[in-house]
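Undergrad: Here it is, the structure, as structure tokens.
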Amino acid sequence: MAFGDSQSLKLGRVAGIPVRVSPTWFIVAAVITIGFEPLVARYLPDLGTGGYVVAFAFAVLLYFSVFLHEVSHALTARAFGLPVRGITLHFLGGYTEIERESPTPGRDLVVSAAGPALSLLLGAAAYAGTVPVTGDVVEFLLYELAAANLVVGVFNLLPALPLDGGHMLRAVVWRFSGDENRGTIVAARSGQVLAVLVLIVPFVLTGGDPGVFALVWAALVAMLLWSGATRALAVGRMRARLPGLDVQRLARPAAPVAHDVPVSEALNQARRAKVTSLVVVDSANRPTGVVNEAAIAAIPEERRPWVNIGQSSRSLEPGLVLRLGVAGDELLRAMRATPATEYLVVDEHERVYGVLVTSDVDAALAAK
Ligand SMILES: [Zn+2]
């Protein structure tokens, strides 16, 4: 699951991969210790207050298991040559940040499955470990650890984003439909359904009377699933629209205007040419700037005859000039590299084709 990790603490590195822990982890470690102690007291009544130590040991072991789950994702990704930026442990588990340049469904499937597979293996190992030991703290911890890893493994395999199983479902749909965005949308929808189910489950399991702890926990998990799934859905939809994002289609026609023309006169020229965008040109008719619409709108009507249009334009730097044919991902990357409200669009002969207005691109991405 993905979370903002801006406030996380650095723990160190594993195989060169930075490992961080979110401060929320400490709160949940305390909650687990307090919530788990009654169970310890029931099975190991002789311990007394020592039960809290055992409960805390369980919290630490549980998170160590989660950490190994993330390491499994990270090392599998790296084995495929995918750079791993880091592992973050947070209150509901962990998150491994992998750069997925030129991904393939097969590779995504294996990297996603590596985490739950390790959790299930750990669970089996912990369960096998209970056989030689008997009736003490170690057996109790191993048994609980086996159960916890089984839950972590199975829960993460549920086919719903942002869980690992959701990434696996996404990869499968992608593989069979040939459409990555379709995979994202199907798995994200499934994530939203799971979020609702998680809210209902405590009521079903308890015959309509769940305790406060179960309700709060279910609400928290449901919220995280819902927000992760909804974010994935938005990304999937946006990416599905990328191929339609084309400079040629989105550019507005523009009129050339000399830099020393007053704003009021420039606006008249635009009106006569029936265009909404203006490009400032020099005496040789070469473009030198794009007029910033917001800057013009900010000039009071009565001031416009006294301000030159050149003062309301942004001088052309290389990043502000886009060529016809730039589209999709490439266009977004170019815009991100040089953020602006307007870009000049030129054809293959460096002639002015029009102006690309950033808000038009945003609208095209947000269109239903
Ligand atoms: Zn995972």
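For the structure tokens, the naming scheme is as follows: chains receive sequential letters (A, B, ...) according to their order of presentation, residues are indexed from 1 within each chain, and ligands are indexed from 1 in presentation order.
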Counting only C-alpha atoms and all ligand atoms, what are the residues, protein, DNA or RNA alike, that approach ligand 1 to within 8 Å? I want them as an NGL selection string.
TA: :A and (1 or 69-70 or 73 or 94-96 or 112-116 or 156 or 163-164)
Undergrad: Keeping C-alpha atoms for every residue in the selection just given, could you write it to a file as a PDB file, in the first residue's frame?
TA:
```pdb
ATOM      1  CA  MET A   1       0.000   0.000   0.000  1.00  0.00           C
ATOM      2  CA  HIS A  69       7.529  -9.311   3.001  1.00  0.00           C
ATOM      3  CA  GLU A  70       8.655  -5.939   1.598  1.00  0.00           C
ATOM      4  CA  HIS A  73       9.161  -7.506  -3.227  1.00  0.00           C
ATOM      5  CA  GLY A  94       4.849  -1.662   4.431  1.00  0.00           C
ATOM      6  CA  TYR A  95       5.428  -0.168   1.047  1.00  0.00           C
ATOM      7  CA  THR A  96       8.204  -0.813  -1.439  1.00  0.00           C
ATOM      8  CA  SER A 112       3.625  -8.477  -6.646  1.00  0.00           C
ATOM      9  CA  ALA A 113       3.310 -12.166  -5.757  1.00  0.00           C
ATOM     10  CA  ALA A 114       6.755 -12.300  -4.098  1.00  0.00           C
ATOM     11  CA  GLY A 115       5.538 -10.509  -0.925  1.00  0.00           C
ATOM     12  CA  PRO A 116       2.492 -12.637  -0.073  1.00  0.00           C
ATOM     13  CA  ASN A 156      -2.615  -9.212   0.511  1.00  0.00           C
ATOM     14  CA  LEU A 163      -3.175  -4.761  -2.333  1.00  0.00           C
ATOM     15  CA  ASP A 164      -0.587  -7.074  -3.931  1.00  0.00           C
TER      16      ASP A 164
END
```
Undergrad: Show which residues sit within 8 Å of stretch 195-202 of chain A, as a PyMOL selection string. Count only C-alpha atoms, and ignore same-chain residues fewer than 6 positions away.
TA: chain A and resi 208+210+214-215+218-219+221-223+225-226
Undergrad: I need the residue nearest A:Leu161 from this list: A:Thr33, A:Ser312, A:Gln192, A:Ser72. Use only C-alpha atoms for the distance.
TA: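 For A:Leu161, the nearest of the given residues is A:Gln192.
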Undergrad: Using only C-alpha atoms, tabulate the residues of stretch 166-266 of chain A lying at most 12 Å from any atom of stretch 273-277 of chain A, each with its closest atom pair and that distance in Å to one decimal, by chain and increasing residue number, as a Markdown table.
TA:
```
| residue | atom | partner | partner_atom | distance |
| --- | --- | --- | --- | --- |
| A:Ala251 | CA | A:Ser277 | CA | 9.7 |
| A:Arg252 | CA | A:Ser277 | CA | 6.8 |
| A:Pro253 | CA | A:Val275 | CA | 5.9 |
| A:Ala254 | CA | A:Ser277 | CA | 4.6 |
| A:Ala255 | CA | A:Ser277 | CA | 6.6 |
| A:Pro256 | CA | A:Ser277 | CA | 9.0 |
| A:Val257 | CA | A:Ser277 | CA | 10.2 |
| A:Ala266 | CA | A:Ser277 | CA | 10.2 |
```
Undergrad: Just checking: using only C-alpha atoms, which residue out of A:Met168, A:Leu9, A:Ala125, A:Leu250 ends up closest to A:Leu89?
TA: A:Leu9
Undergrad: When you look at A:Ala126 with a cut-off of 12 Å (counting only C-alpha atoms), what residues show up, excluding the ones that are within fewer than 6 positions of it in the same chain? I need them as a PyMOL selection string.
TA: chain A and resi 61-62+65+119-120+132-133+138-150
Undergrad: What is the atom CA of A:Pro105-atom CA of A:Arg175 distance in Å, reported with one decimal?
TA: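 Spanning atom CA of A:Pro105 to atom CA of A:Arg175 is a straight-line distance of 5.8 Å.
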Undergrad: Pick from A:Ala55, A:Thr49, A:Asp108, A:Val279: nearest to A:Ala74, with only C-alpha atoms counted?
TA: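 That would be A:Asp108, the residue with the smallest distance to A:Ala74.
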Undergrad: Near A:Val31, counting only C-alpha atoms, which residues have an atom at most 12 Å away, once you skip same-chain residues fewer than 2 positions from it, shown as a PyMOL selection string?
TA: chain A and resi 24-29+33-37+52+55-56+58-59+91-92+213+217
Undergrad: Could you turn the residues from that selection into a file that holds C-alpha atoms, as a PDB file, in the first residue's frame?
TA:
```pdb
ATOM      1  CA  THR A  24       2.729   6.050  13.164  1.00  0.00           C
ATOM      2  CA  TRP A  25       4.321   2.635  13.538  1.00  0.00           C
ATOM      3  CA  PHE A  26       5.174   3.338  17.193  1.00  0.00           C
ATOM      4  CA  ILE A  27       1.568   4.220  17.973  1.00  0.00           C
ATOM      5  CA  VAL A  28       0.330   1.000  16.414  1.00  0.00           C
ATOM      6  CA  ALA A  29       3.046  -1.033  18.167  1.00  0.00           C
ATOM      7  CA  THR A  33       0.856  -4.490  22.675  1.00  0.00           C
ATOM      8  CA  ILE A  34      -2.149  -3.338  24.732  1.00  0.00           C
ATOM      9  CA  GLY A  35      -4.718  -5.103  22.524  1.00  0.00           C
ATOM     10  CA  PHE A  36      -2.757  -8.361  22.437  1.00  0.00           C
ATOM     11  CA  GLU A  37      -1.910  -8.570  26.168  1.00  0.00           C
ATOM     12  CA  TYR A  52       3.079  -6.922  28.107  1.00  0.00           C
ATOM     13  CA  ALA A  55       2.754  -8.764  23.593  1.00  0.00           C
ATOM     14  CA  PHE A  56       5.350  -6.154  22.609  1.00  0.00           C
ATOM     15  CA  PHE A  58       4.780 -10.077  19.149  1.00  0.00           C
ATOM     16  CA  ALA A  59       4.309  -6.554  17.736  1.00  0.00           C
ATOM     17  CA  PHE A  91       1.163   1.415  10.679  1.00  0.00           C
ATOM     18  CA  LEU A  92      -0.724  -1.026   8.463  1.00  0.00           C
ATOM     19  CA  PHE A 213     -11.982  -2.065  18.409  1.00  0.00           C
ATOM     20  CA  TRP A 217      -9.905  -1.202  12.721  1.00  0.00           C
TER      21      TRP A 217
END
```
Undergrad: Among stretch 203-350 of chain A, which residues does DSSP mark as strand (DSSP E) when it is run on the backbone? Keep the chain and numbering as in the structure and answer as a PyMOL selection string.
TA: chain A and resi 254-258+277-281+287-291+313-315+321-323+342-346
Undergrad: Using N, CA, C and O atoms, can you export the residues from the last selection as a tab-separated table (two decimals), in the first residue's frame?
TA:
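Now in part-v5.tsv:
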```
chain	number	residue	atom	x	y	z
A	254	ALA	N	-3.41	31.09	-33.00
A	254	ALA	CA	-2.89	32.31	-32.38
A	254	ALA	C	-2.58	33.34	-33.44
A	254	ALA	O	-2.31	33.01	-34.60
A	255	ALA	N	-2.63	34.61	-33.05
A	255	ALA	CA	-2.28	35.70	-33.97
A	255	ALA	C	-0.94	36.28	-33.55
A	255	ALA	O	-0.66	36.39	-32.36
A	256	PRO	N	-0.10	36.68	-34.54
A	256	PRO	CA	1.16	37.32	-34.19
A	256	PRO	C	0.92	38.78	-33.83
A	256	PRO	O	0.02	39.42	-34.37
A	257	VAL	N	1.71	39.31	-32.91
A	257	VAL	CA	1.57	40.70	-32.51
A	257	VAL	C	2.95	41.25	-32.15
A	257	VAL	O	3.78	40.54	-31.59
A	258	ALA	N	3.23	42.51	-32.55
A	258	ALA	CA	4.52	43.12	-32.24
A	258	ALA	C	4.59	43.44	-30.75
A	258	ALA	O	3.57	43.76	-30.14
A	277	SER	N	-5.54	33.48	-28.54
A	277	SER	CA	-4.15	33.48	-28.08
A	277	SER	C	-3.29	34.37	-28.96
A	277	SER	O	-3.55	34.50	-30.16
A	278	LEU	N	-2.26	34.96	-28.34
A	278	LEU	CA	-1.37	35.87	-29.06
A	278	LEU	C	0.08	35.43	-28.88
A	278	LEU	O	0.48	35.00	-27.81
A	279	VAL	N	0.85	35.57	-29.98
A	279	VAL	CA	2.27	35.27	-29.92
A	279	VAL	C	3.01	36.56	-30.26
A	279	VAL	O	2.73	37.21	-31.26
A	280	VAL	N	3.95	36.96	-29.39
A	280	VAL	CA	4.72	38.18	-29.64
A	280	VAL	C	5.83	37.85	-30.64
A	280	VAL	O	6.54	36.86	-30.49
A	281	VAL	N	5.94	38.70	-31.70
A	281	VAL	CA	6.96	38.46	-32.73
A	281	VAL	C	7.86	39.70	-32.86
A	281	VAL	O	7.45	40.81	-32.51
A	287	PRO	N	8.85	34.50	-33.61
A	287	PRO	CA	8.22	34.54	-32.28
A	287	PRO	C	9.26	34.76	-31.18
A	287	PRO	O	10.34	34.16	-31.21
A	288	THR	N	8.96	35.65	-30.24
A	288	THR	CA	9.87	35.90	-29.12
A	288	THR	C	9.21	35.64	-27.76
A	288	THR	O	9.88	35.56	-26.75
A	289	GLY	N	7.87	35.53	-27.77
A	289	GLY	CA	7.20	35.30	-26.49
A	289	GLY	C	5.76	34.86	-26.66
A	289	GLY	O	5.18	35.05	-27.73
A	290	VAL	N	5.21	34.21	-25.61
A	290	VAL	CA	3.77	33.88	-25.61
A	290	VAL	C	3.09	34.77	-24.60
A	290	VAL	O	3.60	34.99	-23.50
A	291	VAL	N	1.92	35.29	-24.99
A	291	VAL	CA	1.20	36.20	-24.11
A	291	VAL	C	0.48	35.41	-23.02
A	291	VAL	O	-0.16	34.40	-23.30
A	313	SER	N	3.96	39.24	-21.66
A	313	SER	CA	4.28	37.95	-22.29
A	313	SER	C	5.49	37.32	-21.61
A	313	SER	O	6.25	38.00	-20.93
A	314	ARG	N	5.61	36.03	-21.79
A	314	ARG	CA	6.77	35.33	-21.24
A	314	ARG	C	7.73	35.08	-22.39
A	314	ARG	O	7.32	34.53	-23.42
A	315	SER	N	8.99	35.51	-22.23
A	315	SER	CA	9.96	35.31	-23.31
A	315	SER	C	10.14	33.83	-23.57
A	315	SER	O	10.10	33.02	-22.65
A	321	VAL	N	8.70	26.00	-26.15
A	321	VAL	CA	8.35	25.74	-27.55
A	321	VAL	C	8.13	24.24	-27.73
A	321	VAL	O	9.00	23.43	-27.46
A	322	LEU	N	6.92	23.88	-28.16
A	322	LEU	CA	6.59	22.47	-28.40
A	322	LEU	C	6.39	22.28	-29.90
A	322	LEU	O	5.88	23.15	-30.59
A	323	ARG	N	6.79	21.13	-30.37
A	323	ARG	CA	6.66	20.82	-31.77
A	323	ARG	C	5.38	20.05	-32.04
A	323	ARG	O	4.93	19.27	-31.19
A	342	GLU	N	1.16	28.84	-20.75
A	342	GLU	CA	1.00	28.77	-22.21
A	342	GLU	C	2.31	28.30	-22.84
A	342	GLU	O	3.39	28.61	-22.34
A	343	TYR	N	2.19	27.57	-23.94
A	343	TYR	CA	3.36	27.13	-24.70
A	343	TYR	C	3.15	27.50	-26.16
A	343	TYR	O	2.02	27.47	-26.66
A	344	LEU	N	4.26	27.81	-26.84
A	344	LEU	CA	4.17	28.07	-28.27
A	344	LEU	C	4.29	26.74	-29.01
A	344	LEU	O	5.14	25.91	-28.68
A	345	VAL	N	3.42	26.51	-29.98
A	345	VAL	CA	3.49	25.29	-30.78
A	345	VAL	C	3.96	25.66	-32.18
A	345	VAL	O	3.41	26.56	-32.81
A	346	VAL	N	5.03	25.00	-32.65
A	346	VAL	CA	5.56	25.30	-33.98
A	346	VAL	C	5.52	24.03	-34.84
A	346	VAL	O	5.51	22.92	-34.32
```
Undergrad: Near stretch 227-236 of chain A, counting only C-alpha atoms, which residues have an atom at most 10 Å away, once you skip same-chain residues fewer than 2 positions from it, shown as number ranges by chain?
TA: A: 1-3, 160-163, 166, 180-195, 222-225, 238-241, 366
Undergrad: May I ask which of the residues A:Pro318, A:Ala77, A:Thr104, A:Leu109 is the closest one to A:Asp179, counting only C-alpha atoms?
TA: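 When distances to A:Asp179 are compared using only C-alpha atoms, the smallest one comes from A:Thr104.
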Undergrad: Measure the distance from atom CA of A:Leu365 to atom CA of A:Gly325 in Å and round it to one decimal.
TA: 17.8 Å
Undergrad: In terms of the shortest atom-to-atom distance over only C-alpha atoms, which of A:Asp246, A:Glu97, A:Glu302, A:Asp260 is closest to A:Leu331?
TA: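 Among A:Asp246, A:Glu97, A:Glu302, A:Asp260, it is A:Asp246 that comes nearest to A:Leu331.
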Undergrad: Name the residues in contact with A:Leu324 at a cut-off of 8 Å, using only C-alpha atoms, excluding same-chain residues fewer than 4 positions from it; report them as a ChimeraX atom specification.
TA: /A:247-248,345-348,353
Undergrad: Quick one: write out the picked residues with N, CA and C atoms as a PDB file, in the first residue's frame?
TA:
```
ATOM      1  N   VAL A 247      -0.802  17.694 -29.138  1.00  0.00           N
ATOM      2  CA  VAL A 247      -0.577  19.133 -29.295  1.00  0.00           C
ATOM      3  C   VAL A 247      -1.368  19.676 -30.482  1.00  0.00           C
ATOM      4  N   GLN A 248      -1.371  18.941 -31.575  1.00  0.00           N
ATOM      5  CA  GLN A 248      -2.029  19.408 -32.801  1.00  0.00           C
ATOM      6  C   GLN A 248      -3.528  19.646 -32.575  1.00  0.00           C
ATOM      7  N   VAL A 345       3.415  26.515 -29.979  1.00  0.00           N
ATOM      8  CA  VAL A 345       3.485  25.293 -30.778  1.00  0.00           C
ATOM      9  C   VAL A 345       3.962  25.658 -32.182  1.00  0.00           C
ATOM     10  N   VAL A 346       5.026  25.003 -32.648  1.00  0.00           N
ATOM     11  CA  VAL A 346       5.563  25.298 -33.981  1.00  0.00           C
ATOM     12  C   VAL A 346       5.517  24.034 -34.838  1.00  0.00           C
ATOM     13  N   ASP A 347       5.463  24.238 -36.167  1.00  0.00           N
ATOM     14  CA  ASP A 347       5.476  23.084 -37.073  1.00  0.00           C
ATOM     15  C   ASP A 347       6.914  22.702 -37.403  1.00  0.00           C
ATOM     16  N   GLU A 348       7.089  21.762 -38.319  1.00  0.00           N
ATOM     17  CA  GLU A 348       8.434  21.242 -38.590  1.00  0.00           C
ATOM     18  C   GLU A 348       9.360  22.297 -39.206  1.00  0.00           C
ATOM     19  N   TYR A 353       2.349  27.498 -35.140  1.00  0.00           N
ATOM     20  CA  TYR A 353       1.121  26.748 -35.425  1.00  0.00           C
ATOM     21  C   TYR A 353       0.004  27.231 -34.511  1.00  0.00           C
TER      22      TYR A 353
END
```
Undergrad: Of the candidates A:Leu75, A:Glu293, A:Pro300, A:Pro305, which shows the shortest atom-to-atom distance to A:Ala340, using only C-alpha atoms?
TA: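 Once distances to A:Ala340 are computed over only C-alpha atoms, the minimum belongs to A:Glu293.
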Undergrad: Name the residues of stretch 82-225 of chain A that come out as alpha helix (DSSP H) in a backbone DSSP run; write them as a ChimeraX atom specification.
TA: /A:105-129,137-157,164-177,180-205,212-225
Undergrad: Grab the atom CA of A:Gly310 to atom CA of A:Val261 distance for me, in Å with one decimal place.
TA: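 These atoms are spaced 7.7 Å apart.
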